[in-house]
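Novice: Sharing query_2.cif below, mmCIF, C-alpha atoms and all ligand atoms:
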data_target
#
loop_
_atom_site.label_atom_id
_atom_site.label_comp_id
_atom_site.auth_asym_id
_atom_site.auth_seq_id
_atom_site.Cartn_x
_atom_site.Cartn_y
_atom_site.Cartn_z
CA MET A 1255 7.65 4.66 33.87
CA PRO A 1256 6.02 3.09 36.90
CA GLN A 1257 7.78 0.33 38.82
CA SER A 1258 5.06 -2.16 37.84
CA TYR A 1259 5.79 -1.80 34.11
CA LYS A 1260 8.07 -4.54 32.82
CA MET A 1261 9.87 -3.39 29.70
CA ARG A 1262 10.88 -5.80 26.93
CA SER A 1263 14.62 -6.26 26.70
CA SER A 1264 15.14 -5.71 22.94
CA PHE A 1265 13.79 -3.13 20.52
CA MET A 1266 10.80 -4.29 18.45
CA PRO A 1267 11.01 -3.04 14.86
CA PHE A 1268 7.80 -1.61 13.42
CA SER A 1269 7.80 -4.13 10.57
CA GLN A 1270 9.69 -7.24 9.46
CA PRO A 1271 9.01 -9.59 6.50
CA LEU A 1272 8.48 -13.32 6.98
CA ILE A 1273 10.56 -15.36 4.50
CA GLY A 1274 10.46 -19.16 4.71
CA ASP A 1275 12.65 -22.01 3.48
CA GLU A 1276 10.43 -22.43 0.40
CA GLU A 1277 11.20 -18.89 -0.77
CA ILE A 1278 14.92 -19.38 -0.13
CA ALA A 1279 15.02 -22.69 -2.04
CA GLU A 1280 13.13 -21.14 -4.97
CA VAL A 1281 15.58 -18.23 -5.22
CA VAL A 1282 18.51 -20.69 -5.13
CA ASP A 1283 16.81 -22.68 -7.89
CA SER A 1284 16.61 -19.52 -10.01
CA LEU A 1285 20.26 -18.70 -9.36
CA LYS A 1286 21.29 -22.21 -10.45
CA SER A 1287 19.02 -22.18 -13.50
CA GLY A 1288 20.87 -19.27 -15.05
CA TRP A 1289 17.63 -17.36 -15.59
CA LEU A 1290 17.98 -14.29 -13.38
CA THR A 1291 15.82 -11.64 -15.00
CA THR A 1292 12.27 -11.73 -16.35
CA GLY A 1293 11.56 -15.34 -17.26
CA PRO A 1294 9.37 -18.36 -16.59
CA LYS A 1295 8.82 -17.64 -12.89
CA VAL A 1296 7.63 -14.11 -13.62
CA ALA A 1297 5.13 -15.54 -16.12
CA ARG A 1298 3.92 -18.07 -13.52
CA PHE A 1299 3.68 -15.40 -10.83
CA GLU A 1300 1.63 -13.12 -13.10
CA GLU A 1301 -0.79 -15.95 -13.87
CA ALA A 1302 -1.10 -17.00 -10.23
CA PHE A 1303 -1.63 -13.44 -8.99
CA ALA A 1304 -4.25 -12.65 -11.65
CA ALA A 1305 -6.09 -15.85 -10.70
CA PHE A 1306 -5.85 -15.04 -6.98
CA VAL A 1307 -7.49 -11.62 -7.26
CA GLY A 1308 -9.80 -12.53 -10.14
CA ALA A 1309 -8.21 -10.26 -12.76
CA GLU A 1310 -8.10 -10.99 -16.49
CA ALA A 1311 -4.36 -10.31 -16.70
CA ALA A 1312 -1.35 -9.15 -14.69
CA LEU A 1313 1.98 -7.47 -15.36
CA ALA A 1314 4.76 -7.99 -12.80
CA VAL A 1315 7.08 -5.02 -12.30
CA ASN A 1316 9.76 -3.91 -9.86
CA SER A 1317 7.50 -1.75 -7.67
CA CYS A 1318 3.95 -0.57 -7.13
CA THR A 1319 5.24 2.90 -7.93
CA ASP A 1320 6.17 1.76 -11.43
CA ALA A 1321 2.91 -0.20 -11.79
CA LEU A 1322 1.03 3.08 -11.16
CA LEU A 1323 3.35 5.01 -13.46
CA ILE A 1324 2.93 2.46 -16.25
CA ALA A 1325 -0.85 2.36 -15.85
CA LEU A 1326 -1.12 6.15 -16.10
CA ALA A 1327 1.31 6.27 -19.04
CA ALA A 1328 -0.69 3.59 -20.84
CA LEU A 1329 -3.83 5.68 -20.31
CA GLY A 1330 -2.06 8.56 -22.04
CA VAL A 1331 -1.71 10.81 -18.98
CA GLY A 1332 0.62 13.72 -19.75
CA PRO A 1333 1.13 17.48 -19.62
CA GLY A 1334 -2.11 19.46 -19.38
CA ASP A 1335 -3.97 16.60 -17.70
CA GLU A 1336 -5.23 16.43 -14.15
CA VAL A 1337 -5.30 13.24 -12.07
CA VAL A 1338 -7.36 13.20 -8.91
CA THR A 1339 -6.05 11.40 -5.82
CA THR A 1340 -6.13 11.52 -2.04
CA ALA A 1341 -4.34 13.82 0.40
CA ILE A 1342 -3.32 10.92 2.68
CA THR A 1343 -1.13 8.41 0.88
CA PHE A 1344 2.48 7.48 0.39
CA VAL A 1345 4.13 10.13 -1.76
CA SER A 1346 4.82 7.78 -4.67
CA THR A 1347 1.11 7.74 -5.59
CA VAL A 1348 1.35 11.45 -6.31
CA HIS A 1349 4.88 11.41 -7.75
CA CYS A 1350 3.66 9.12 -10.56
CA ILE A 1351 1.23 11.80 -11.71
CA GLU A 1352 3.83 14.55 -11.32
CA ARG A 1353 6.53 12.64 -13.21
CA LEU A 1354 4.26 12.30 -16.26
CA GLY A 1355 3.91 16.08 -16.32
CA ALA A 1356 0.27 16.00 -15.24
CA ARG A 1357 -1.20 17.92 -12.31
CA PRO A 1358 -2.08 15.94 -9.19
CA VAL A 1359 -5.37 17.19 -7.74
CA LEU A 1360 -5.65 16.28 -4.06
CA VAL A 1361 -8.92 15.49 -2.31
CA ASP A 1362 -9.59 15.36 1.43
CA VAL A 1363 -10.41 12.09 3.20
CA GLU A 1364 -13.38 10.58 5.03
CA PRO A 1365 -13.03 10.85 8.82
CA ASP A 1366 -13.64 7.15 9.54
CA THR A 1367 -11.59 5.22 6.96
CA LEU A 1368 -9.26 8.09 5.94
CA ASN A 1369 -9.89 7.03 2.34
CA ILE A 1370 -10.62 9.57 -0.39
CA ASP A 1371 -13.99 11.25 0.19
CA PRO A 1372 -16.25 10.43 -2.82
CA VAL A 1373 -18.30 13.64 -2.45
CA LYS A 1374 -15.20 15.84 -2.49
CA LEU A 1375 -13.76 13.68 -5.26
CA GLU A 1376 -16.73 14.42 -7.50
CA ALA A 1377 -16.37 18.14 -6.80
CA ALA A 1378 -12.69 18.01 -7.85
CA LEU A 1379 -13.35 16.64 -11.35
CA THR A 1380 -12.91 18.98 -14.33
CA PRO A 1381 -12.87 18.50 -18.11
CA LYS A 1382 -9.09 18.04 -17.73
CA THR A 1383 -9.41 15.05 -15.37
CA LYS A 1384 -7.73 12.14 -17.15
CA ALA A 1385 -7.80 9.56 -14.35
CA ILE A 1386 -8.75 8.96 -10.71
CA VAL A 1387 -6.29 7.22 -8.38
CA PRO A 1388 -8.02 6.13 -5.16
CA VAL A 1389 -5.90 4.43 -2.49
CA HIS A 1390 -7.18 1.52 -0.39
CA LEU A 1391 -5.54 3.04 2.68
CA TYR A 1392 -4.30 0.57 5.31
CA GLY A 1393 -6.01 -2.12 3.20
CA HIS A 1394 -9.52 -0.80 3.86
CA PRO A 1395 -11.20 -0.68 0.43
CA VAL A 1396 -12.44 2.68 -0.83
CA GLU A 1397 -16.16 3.14 -1.59
CA LEU A 1398 -15.63 1.58 -5.04
CA ASP A 1399 -19.24 1.45 -6.25
CA THR A 1400 -19.73 5.17 -5.61
CA ILE A 1401 -16.40 6.13 -7.17
CA ARG A 1402 -17.06 3.89 -10.18
CA ALA A 1403 -20.45 5.50 -10.75
CA ILE A 1404 -18.95 9.01 -10.56
CA ALA A 1405 -16.14 8.03 -12.96
CA ALA A 1406 -18.34 6.11 -15.40
CA ALA A 1407 -20.74 9.04 -15.77
CA ARG A 1408 -17.83 11.06 -17.18
CA GLY A 1409 -15.87 8.27 -18.89
CA ILE A 1410 -12.87 8.74 -16.59
CA PRO A 1411 -10.69 5.65 -15.91
CA ILE A 1412 -9.79 4.59 -12.36
CA VAL A 1413 -6.36 3.27 -11.39
CA GLU A 1414 -6.56 1.83 -7.86
CA ASP A 1415 -3.48 2.15 -5.66
CA ALA A 1416 -3.77 -1.26 -4.03
CA ALA A 1417 -0.31 -1.17 -2.43
CA HIS A 1418 -1.99 -2.12 0.86
CA GLY A 1419 -4.85 -4.05 -0.70
CA ALA A 1420 -3.66 -7.60 -1.39
CA SER A 1421 -6.48 -9.94 -0.30
CA ALA A 1422 -8.85 -7.16 0.83
CA LEU A 1423 -12.50 -7.72 -0.12
CA TYR A 1424 -15.04 -5.13 -1.25
CA ARG A 1425 -18.63 -6.44 -1.23
CA GLY A 1426 -17.31 -10.01 -1.30
CA ARG A 1427 -14.89 -9.54 -4.22
CA MET A 1428 -11.11 -9.19 -4.06
CA ILE A 1429 -9.54 -5.81 -4.64
CA GLY A 1430 -8.10 -6.09 -8.15
CA ALA A 1431 -10.92 -8.31 -9.43
CA SER A 1432 -12.09 -7.67 -12.99
CA PRO A 1433 -12.75 -5.03 -14.33
CA SER A 1434 -10.48 -3.05 -11.96
CA ILE A 1435 -7.13 -1.61 -12.98
CA ALA A 1436 -5.10 -1.89 -9.78
CA ALA A 1437 -1.46 -1.67 -8.67
CA PHE A 1438 -0.13 -3.84 -5.81
CA SER A 1439 3.13 -3.53 -3.85
CA PHE A 1440 5.44 -6.29 -2.66
CA TYR A 1441 7.76 -4.01 -0.70
CA PRO A 1442 9.01 -5.78 2.49
CA THR A 1443 6.53 -4.02 4.80
CA LYS A 1444 3.48 -5.00 2.71
CA ASN A 1445 1.20 -8.02 3.22
CA MET A 1446 3.42 -10.17 0.97
CA THR A 1447 6.86 -9.37 -0.38
CA THR A 1448 9.27 -9.97 -3.25
CA GLY A 1449 11.94 -7.69 -1.72
CA GLU A 1450 11.02 -4.94 -4.15
CA GLY A 1451 8.17 -5.59 -6.56
CA GLY A 1452 4.75 -4.70 -7.78
CA MET A 1453 1.90 -6.00 -9.92
CA LEU A 1454 -0.44 -4.23 -12.29
CA VAL A 1455 -3.71 -6.07 -12.92
CA GLY A 1456 -6.50 -5.23 -15.30
CA PRO A 1457 -8.48 -6.19 -18.38
CA LYS A 1458 -6.29 -8.18 -20.83
CA ALA A 1459 -6.42 -5.49 -23.53
CA PHE A 1460 -5.22 -2.89 -21.02
CA VAL A 1461 -2.40 -5.04 -19.62
CA ASP A 1462 -1.25 -5.83 -23.19
CA ARG A 1463 -1.09 -2.09 -23.86
CA ALA A 1464 0.75 -1.45 -20.58
CA ARG A 1465 3.33 -4.25 -20.96
CA PRO A 1466 5.74 -2.52 -23.37
CA TRP A 1467 5.97 0.41 -20.93
CA SER A 1468 7.61 -1.92 -18.39
CA LEU A 1469 10.63 -2.76 -20.56
CA HIS A 1470 11.97 0.03 -22.76
CA GLY A 1471 8.81 0.07 -24.88
CA MET A 1472 9.95 -3.12 -26.58
CA SER A 1473 7.24 -5.17 -28.17
CA ARG A 1474 8.48 -8.46 -26.69
CA ASP A 1475 10.40 -9.33 -23.51
CA ALA A 1476 13.71 -11.12 -23.13
CA TYR A 1477 12.10 -14.47 -22.40
CA ALA A 1478 10.34 -14.36 -25.76
CA ARG A 1479 13.55 -13.37 -27.53
CA TYR A 1480 16.20 -15.59 -25.92
CA THR A 1481 14.43 -18.94 -25.89
CA ALA A 1482 14.62 -21.58 -28.62
CA THR A 1483 11.50 -20.33 -30.37
CA GLY A 1484 12.48 -16.65 -30.05
CA SER A 1485 13.75 -14.22 -32.64
CA TRP A 1486 16.27 -11.36 -32.39
CA PHE A 1487 13.81 -8.85 -33.81
CA TYR A 1488 11.87 -6.36 -31.70
CA ASP A 1489 10.18 -3.06 -32.32
CA VAL A 1490 10.04 -0.14 -29.88
CA VAL A 1491 6.49 1.15 -29.64
CA VAL A 1492 6.62 3.64 -26.71
CA PRO A 1493 9.40 5.41 -24.71
CA GLY A 1494 9.07 2.84 -21.94
CA PHE A 1495 10.68 2.51 -18.51
CA LYS A 1496 12.99 -0.19 -17.05
CA SER A 1497 10.51 -1.66 -14.62
CA ASN A 1498 10.48 -5.39 -15.29
CA MET A 1499 10.36 -7.87 -12.41
CA THR A 1500 13.18 -10.42 -12.15
CA ASP A 1501 12.73 -14.18 -11.74
CA LEU A 1502 14.52 -13.85 -8.38
CA GLN A 1503 11.71 -11.62 -7.17
CA ALA A 1504 9.02 -13.85 -8.69
CA ALA A 1505 10.63 -16.84 -6.93
CA LEU A 1506 9.83 -15.12 -3.63
CA GLY A 1507 6.41 -14.00 -4.84
CA LEU A 1508 5.20 -17.45 -5.89
CA HIS A 1509 5.58 -18.75 -2.32
CA GLN A 1510 4.49 -15.56 -0.57
CA LEU A 1511 1.28 -15.61 -2.62
CA ARG A 1512 0.62 -19.22 -1.70
CA LYS A 1513 1.07 -18.31 1.97
CA LEU A 1514 -0.92 -15.08 1.81
CA PRO A 1515 -4.22 -16.58 3.07
CA SER A 1516 -2.48 -17.96 6.16
CA PHE A 1517 -0.58 -14.67 6.60
CA GLN A 1518 -3.96 -12.93 6.56
CA GLU A 1519 -5.40 -15.25 9.20
CA ARG A 1520 -2.54 -14.35 11.47
CA ARG A 1521 -2.91 -10.62 10.77
CA ARG A 1522 -6.61 -10.85 11.58
CA ALA A 1523 -5.86 -12.59 14.88
CA LEU A 1524 -3.24 -9.97 15.80
CA ALA A 1525 -5.60 -7.11 14.92
CA ALA A 1526 -8.42 -8.73 16.91
CA SER A 1527 -6.16 -8.95 19.98
CA LEU A 1528 -5.24 -5.28 19.66
CA ASP A 1529 -8.93 -4.37 19.18
CA ARG A 1530 -9.87 -6.27 22.34
CA ALA A 1531 -7.06 -4.70 24.34
CA PHE A 1532 -8.01 -1.14 23.39
CA ALA A 1533 -11.78 -1.61 23.54
CA GLY A 1534 -12.06 -0.21 27.07
CA MET A 1535 -9.57 2.62 26.54
CA PRO A 1536 -11.30 5.91 25.66
CA GLU A 1537 -7.91 7.52 24.96
CA ILE A 1538 -7.42 5.26 21.90
CA GLN A 1539 -9.62 5.18 18.80
CA ARG A 1540 -9.42 1.82 17.05
CA PRO A 1541 -9.36 1.26 13.24
CA THR A 1542 -12.65 1.22 11.34
CA GLU A 1543 -13.87 -1.71 9.28
CA ARG A 1544 -17.10 -1.02 7.42
CA PRO A 1545 -19.57 -3.90 7.20
CA GLU A 1546 -19.35 -4.24 3.40
CA VAL A 1547 -15.58 -4.80 3.37
CA HIS A 1548 -12.94 -7.17 4.63
CA ALA A 1549 -9.82 -5.07 5.19
CA SER A 1550 -6.41 -6.56 4.43
CA LEU A 1551 -5.12 -5.02 7.69
CA HIS A 1552 -1.88 -3.87 6.10
CA VAL A 1553 -1.18 -1.62 9.08
CA TYR A 1554 -2.91 -1.28 12.44
CA VAL A 1555 -3.48 2.43 12.93
CA ILE A 1556 -4.72 3.83 16.21
CA ARG A 1557 -5.81 7.43 16.66
CA LEU A 1558 -5.11 9.21 19.92
CA VAL A 1559 -8.04 11.00 21.52
CA LEU A 1560 -5.88 14.04 22.18
CA ASP A 1561 -8.11 15.87 24.67
CA ARG A 1562 -7.91 12.85 26.98
CA LEU A 1563 -4.09 12.84 27.00
CA THR A 1564 -1.45 15.23 28.31
CA ILE A 1565 0.96 14.43 25.45
CA GLY A 1566 0.63 14.67 21.68
CA ARG A 1567 1.28 12.06 19.00
CA ASP A 1568 5.02 12.75 18.58
CA GLU A 1569 5.68 12.40 22.30
CA PHE A 1570 3.49 9.27 22.42
CA ILE A 1571 5.77 7.73 19.76
CA ASN A 1572 8.84 8.74 21.80
CA GLN A 1573 7.30 7.14 24.87
CA LEU A 1574 6.69 3.89 22.94
CA LYS A 1575 10.28 3.97 21.70
CA ALA A 1576 11.50 4.44 25.29
CA ARG A 1577 9.63 1.20 26.01
CA ASN A 1578 11.43 -0.53 23.10
CA ILE A 1579 8.43 -0.49 20.77
CA GLY A 1580 8.90 0.83 17.23
CA SER A 1581 5.95 2.55 15.56
CA SER A 1582 5.30 4.69 12.52
CA VAL A 1583 2.90 7.21 10.95
CA HIS A 1584 0.98 6.46 7.75
CA PHE A 1585 1.18 9.04 6.25
CA ILE A 1586 2.33 12.65 6.36
CA PRO A 1587 -0.34 14.31 4.16
CA ILE A 1588 0.98 15.11 0.70
CA HIS A 1589 0.25 18.85 0.89
CA LEU A 1590 2.55 19.25 3.91
CA HIS A 1591 5.65 18.08 1.99
CA SER A 1592 7.69 21.08 0.84
CA TYR A 1593 7.81 20.05 -2.83
CA TYR A 1594 4.02 19.89 -3.22
CA ARG A 1595 3.34 22.70 -0.76
CA ASP A 1596 5.64 25.08 -2.63
CA LYS A 1597 4.77 24.03 -6.18
CA TYR A 1598 0.99 24.16 -5.72
CA GLY A 1599 0.81 26.73 -2.91
CA TYR A 1600 -1.02 24.55 -0.40
CA ALA A 1601 -1.84 25.72 3.12
CA PRO A 1602 -2.00 23.09 5.90
CA GLY A 1603 -5.74 23.70 6.36
CA ASP A 1604 -6.60 23.09 2.69
CA PHE A 1605 -7.43 19.48 3.61
CA PRO A 1606 -8.79 19.87 7.14
CA VAL A 1607 -9.75 16.25 7.81
CA ALA A 1608 -6.36 14.97 6.63
CA LEU A 1609 -4.57 17.56 8.77
CA ALA A 1610 -6.57 16.91 11.94
CA GLU A 1611 -6.35 13.11 11.69
CA TYR A 1612 -2.65 13.15 10.83
CA SER A 1613 -1.90 14.82 14.16
CA ARG A 1614 -3.21 11.79 16.05
CA LEU A 1615 -2.20 8.77 13.91
CA ILE A 1616 0.13 6.02 15.12
CA SER A 1617 0.77 2.72 13.32
CA LEU A 1618 1.60 -0.04 15.80
CA PRO A 1619 3.70 -3.14 15.04
CA MET A 1620 1.42 -5.90 13.73
CA HIS A 1621 3.60 -8.05 11.50
CA LEU A 1622 4.00 -11.77 10.94
CA ARG A 1623 7.19 -12.14 12.96
CA LEU A 1624 5.44 -11.05 16.16
CA SER A 1625 4.79 -13.76 18.70
CA ASP A 1626 1.80 -13.57 21.03
CA ASP A 1627 4.22 -12.40 23.75
CA ASP A 1628 5.55 -9.67 21.44
CA LEU A 1629 2.01 -8.49 20.80
CA GLN A 1630 1.40 -8.43 24.54
CA ASP A 1631 4.48 -6.19 24.86
CA VAL A 1632 2.91 -3.76 22.36
CA ILE A 1633 -0.34 -3.75 24.32
CA SER A 1634 1.45 -3.30 27.67
CA ALA A 1635 3.53 -0.43 26.34
CA VAL A 1636 0.53 1.43 24.87
CA THR A 1637 -1.44 0.82 28.06
CA ASP A 1638 1.41 2.11 30.20
CA VAL A 1639 1.89 5.26 28.08
CA VAL A 1640 -1.85 5.94 28.29
CA ASP A 1641 -1.98 5.32 32.05
CA THR A 1642 1.01 7.59 32.63
CA HIS A 1643 -0.23 10.45 30.46
CA LYS A 1644 -4.01 10.43 30.63
CA ARG A 1645 -5.92 13.46 31.84
C1 LIG A 1701 4.19 1.29 -0.49
C2 LIG A 1701 3.24 2.15 -1.22
C3 LIG A 1701 3.39 2.46 -2.57
C4 LIG A 1701 4.63 2.13 -3.34
O1 LIG A 1701 4.94 0.80 -3.37
P1 LIG A 1701 6.40 0.38 -3.88
O2 LIG A 1701 6.22 -1.04 -4.25
O3 LIG A 1701 7.34 0.60 -2.75
O4 LIG A 1701 6.71 1.23 -5.05
C5 LIG A 1701 2.39 3.16 -3.20
N1 LIG A 1701 1.30 3.57 -2.54
C6 LIG A 1701 1.13 3.33 -1.24
C7 LIG A 1701 -0.12 3.78 -0.58
C8 LIG A 1701 2.11 2.63 -0.53
O5 LIG A 1701 1.98 2.44 0.79
#
Once you've parsed the file, please lay out its structure as structure tokens.

Specialist:
Amino acid sequence: MPQSYKMRSSFMPFSQPLIGDEEIAEVVDSLKSGWLTTGPKVARFEEAFAAFVGAEAALAVNSCTDALLIALAALGVGPGDEVVTTAITFVSTVHCIERLGARPVLVDVEPDTLNIDPVKLEAALTPKTKAIVPVHLYGHPVELDTIRAIAAARGIPIVEDAAHGASALYRGRMIGASPSIAAFSFYPTKNMTTGEGGMLVGPKAFVDRARPWSLHGMSRDAYARYTATGSWFYDVVVPGFKSNMTDLQAALGLHQLRKLPSFQERRRALAASLDRAFAGMPEIQRPTERPEVHASLHVYVIRLVLDRLTIGRDEFINQLKARNIGSSVHFIPIHLHSYYRDKYGYAPGDFPVALAEYSRLISLPMHLRLSDDDLQDVISAVTDVVDTHKR
């Protein structure tokens, strides 16, 4: 490191949630009320979230993973079926398909957004295709109109992995807006958090069909049974999971959702500062935002222009860490993980765009706990690594 570079004194984590006094007071209120599991706050959170994205109905669960699993189970996905998804995503997208005994069919990504490539998606469909699971990667919406047209022509349902997509817009409408079936994540790194949590949104008839899958397949939830108007009787209609959201989580979610628009304003300002800082740096490729979308900016992913640098991505990350800046990679392509590689016999080059782009991805810190000075530290560190290692 050159003498002129002034390193920050403490390590900056890649991501940190922002929890305010309102969230804390609401959780305490739940603890004092005696209603800890799925209850009135979950019902309110479902209503508020459905209204926010413009969905007919919502089902709150304990993760986006389970929201995806429940959606696919409710669509009847099982052994002998194929479900088409993208090669670059978090592994849980693909695990959901695998756990239902169906075959995940991976599709390569578009070079600019790194979202599933609609042309290759269409080529991957077979008579066995039971569903399509596109992922709004980094919060940049997929090409929904094209994918919907391809799916509708064959009567195949779409389940959107919107883990990154809360408050993203596609052609002026929120991701999750009717008639989408979409699964959101409230994991602590995501745009809003409930600690752990997720939300499935969709047409009311679909969400009604999905709901029993979230709680043992029981036809009514605890809130309906244990209140004054409730009854002890329930029927079990499907072999459901244990995926219900608790009121403690919903207590967080109600306030995080209310704050989400202001969170997004801040994210947009942070991303704009990073964009400006890297605009004159040919060694760094900045994230794409197509004109027809408004990305939710879940993560800020740069791509290294490798032939302009003397170091690769892994060493770049080490160099950032040596400057007290945490970073991450979203994501290791699915076909490189040993489980999927070995089970389905994938070679690294089977998804050439995913492979090539993966080797140059770095997600920089861009979270709501960053001050302007913190962001400047990120910019200075990246600039210094580039200056030290450019060709
Ligand atoms: C985080 C994430 C998930 C899973 O969300 P959880 O709420 O942690 O289950 C699914 N898909 C993608 C793309 C994710 O990033």

Novice: Identify, counting all atoms listed in the file, the protein, DNA and RNA residues located within 6 Å of ligand LIG 1701 (chain A), and give them as a ChimeraX atom specification.

Specialist: /A:1317-1319,1343-1344,1346-1347,1415,1417,1439-1441,1451-1452

Novice: Separation of atom CA of A:Glu1397 and atom CA of A:Ile1351, in Å?

Specialist: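 Going from atom CA of A:Glu1397 over to atom CA of A:Ile1351 covers 21.9 Å.
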
Novice: Given the point (-11.5, -5.5, 6.7) in the file's coordinates, find the residues that have an atom at most 10 Å from it, counting all atoms listed in the file, and give them as a PyMOL selection string.

Specialist: chain A and resi 1392-1395+1421-1424+1522+1541-1552

Novice: For the selection you just gave me, I'd like the residues written to a file as a PDB file, in the frame of the given file, keeping C-alpha atoms.

Specialist:
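The resulting file, part.pdb, is reproduced below:
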ATOM      1  CA  TYR A1392      -4.300   0.570   5.310  1.00  0.00           C
ATOM      2  CA  GLY A1393      -6.010  -2.120   3.200  1.00  0.00           C
ATOM      3  CA  HIS A1394      -9.520  -0.800   3.860  1.00  0.00           C
ATOM      4  CA  PRO A1395     -11.200  -0.680   0.430  1.00  0.00           C
ATOM      5  CA  SER A1421      -6.480  -9.940  -0.300  1.00  0.00           C
ATOM      6  CA  ALA A1422      -8.850  -7.160   0.830  1.00  0.00           C
ATOM      7  CA  LEU A1423     -12.500  -7.720  -0.120  1.00  0.00           C
ATOM      8  CA  TYR A1424     -15.040  -5.130  -1.250  1.00  0.00           C
ATOM      9  CA  ARG A1522      -6.610 -10.850  11.580  1.00  0.00           C
ATOM     10  CA  PRO A1541      -9.360   1.260  13.240  1.00  0.00           C
ATOM     11  CA  THR A1542     -12.650   1.220  11.340  1.00  0.00           C
ATOM     12  CA  GLU A1543     -13.870  -1.710   9.280  1.00  0.00           C
ATOM     13  CA  ARG A1544     -17.100  -1.020   7.420  1.00  0.00           C
ATOM     14  CA  PRO A1545     -19.570  -3.900   7.200  1.00  0.00           C
ATOM     15  CA  GLU A1546     -19.350  -4.240   3.400  1.00  0.00           C
ATOM     16  CA  VAL A1547     -15.580  -4.800   3.370  1.00  0.00           C
ATOM     17  CA  HIS A1548     -12.940  -7.170   4.630  1.00  0.00           C
ATOM     18  CA  ALA A1549      -9.820  -5.070   5.190  1.00  0.00           C
ATOM     19  CA  SER A1550      -6.410  -6.560   4.430  1.00  0.00           C
ATOM     20  CA  LEU A1551      -5.120  -5.020   7.690  1.00  0.00           C
ATOM     21  CA  HIS A1552      -1.880  -3.870   6.100  1.00  0.00           C
TER      22      HIS A1552
END

Novice: Return as a Markdown table the residues of stretch 1395-1442 of chain A lying at most 8 Å from stretch 1366-1389 of chain A, together with the closest atom-to-atom pair for each and the distance in Å to one decimal, counting only C-alpha atoms, with rows in chain order and ascending residue number.

Specialist:
| residue | atom | partner | partner_atom | distance |
| --- | --- | --- | --- | --- |
| A:Pro1395 | CA | A:Val1389 | CA | 7.9 |
| A:Val1396 | CA | A:Asn1369 | CA | 6.0 |
| A:Glu1397 | CA | A:Pro1372 | CA | 7.4 |
| A:Thr1400 | CA | A:Pro1372 | CA | 6.9 |
| A:Ile1401 | CA | A:Pro1372 | CA | 6.1 |
| A:Ile1404 | CA | A:Glu1376 | CA | 6.6 |
| A:Ala1405 | CA | A:Ile1386 | CA | 7.8 |
| A:Ile1410 | CA | A:Ala1385 | CA | 5.6 |
| A:Pro1411 | CA | A:Ala1385 | CA | 5.1 |
| A:Ile1412 | CA | A:Ile1386 | CA | 4.8 |
| A:Val1413 | CA | A:Val1387 | CA | 5.0 |
| A:Glu1414 | CA | A:Pro1388 | CA | 5.3 |
| A:Asp1415 | CA | A:Val1389 | CA | 4.6 |
| A:Ala1416 | CA | A:Val1389 | CA | 6.3 |
| A:Ala1417 | CA | A:Val1389 | CA | 7.9 |

Novice: One decimal, Å: what's the distance from atom CA of A:Val1296 over to atom CA of A:Leu1511, could you say?

Specialist: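 Interatomic distance here is 12.8 Å.
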
Novice: Please compute the atom CA of A:Leu1391-atom CA of A:Glu1364 distance, one decimal, in Å.

Specialist: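 Atom-to-atom, atom CA of A:Leu1391 to atom CA of A:Glu1364, that is 11.1 Å.
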
Novice: Which residues come within 9 Å of A:Ala1304, counting only C-alpha atoms, excluding same-chain residues fewer than 4 positions away, as a count of residues only?

Specialist: 12

Novice: For A:Ile1616, list every protein, DNA or RNA residue within 7 Å, evaluated using all atoms listed in the file, and leave out those in the same chain fewer than 2 positions away; present the list as a PyMOL selection string.

Specialist: chain A and resi 1555-1557+1581-1583+1614+1618

Novice: Which neighbours of A:His1509 fall inside 9 Å, counting only C-alpha atoms, when residues of the same chain fewer than 6 positions from it are skipped, and could you give them as a PDB file with C-alpha atoms, in the coordinates of the input?

Specialist:
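selection_6.pdb was written with the following content:
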ATOM      1  CA  GLY A1274      10.460 -19.160   4.710  1.00  0.00           C
ATOM      2  CA  GLU A1276      10.430 -22.430   0.400  1.00  0.00           C
ATOM      3  CA  GLU A1277      11.200 -18.890  -0.770  1.00  0.00           C
ATOM      4  CA  GLU A1280      13.130 -21.140  -4.970  1.00  0.00           C
TER       5      GLU A1280
END

Novice: Env of A:Ser1613: 8 Å cut, atoms = only C-alpha atoms, seq-sep filter 4 positions within chain, self excluded. Answer as a list in words.

Specialist: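 Non-adjacent residues within range: Gly1566, Arg1567 and Leu1609 of chain A.
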
Novice: Print the selection's residues with C-alpha atoms to a file, as a PDB file, in the frame of the given file.

Specialist:
ATOM      1  CA  GLY A1566       0.630  14.670  21.680  1.00  0.00           C
ATOM      2  CA  ARG A1567       1.280  12.060  19.000  1.00  0.00           C
ATOM      3  CA  LEU A1609      -4.570  17.560   8.770  1.00  0.00           C
TER       4      LEU A1609
END

Novice: Can you pull out every residue within 8 Å of A:Asp1362, counting only C-alpha atoms, but drop anything in the same chain fewer than 5 positions away, and send it as a list in words?

Specialist: Thr1340, Ala1341, Ile1342, Ile1370, Asp1371, Lys1374, Phe1605, Pro1606, Val1607 and Ala1608 of chain A

Novice: Could you tell me which of A:Val1490, A:Val1337, A:Leu1524, A:Leu1469 comes closest to A:Met1620 if we count all atoms listed in the file?

Specialist: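 Using all atoms listed in the file, the shortest distance to A:Met1620 belongs to A:Leu1524.
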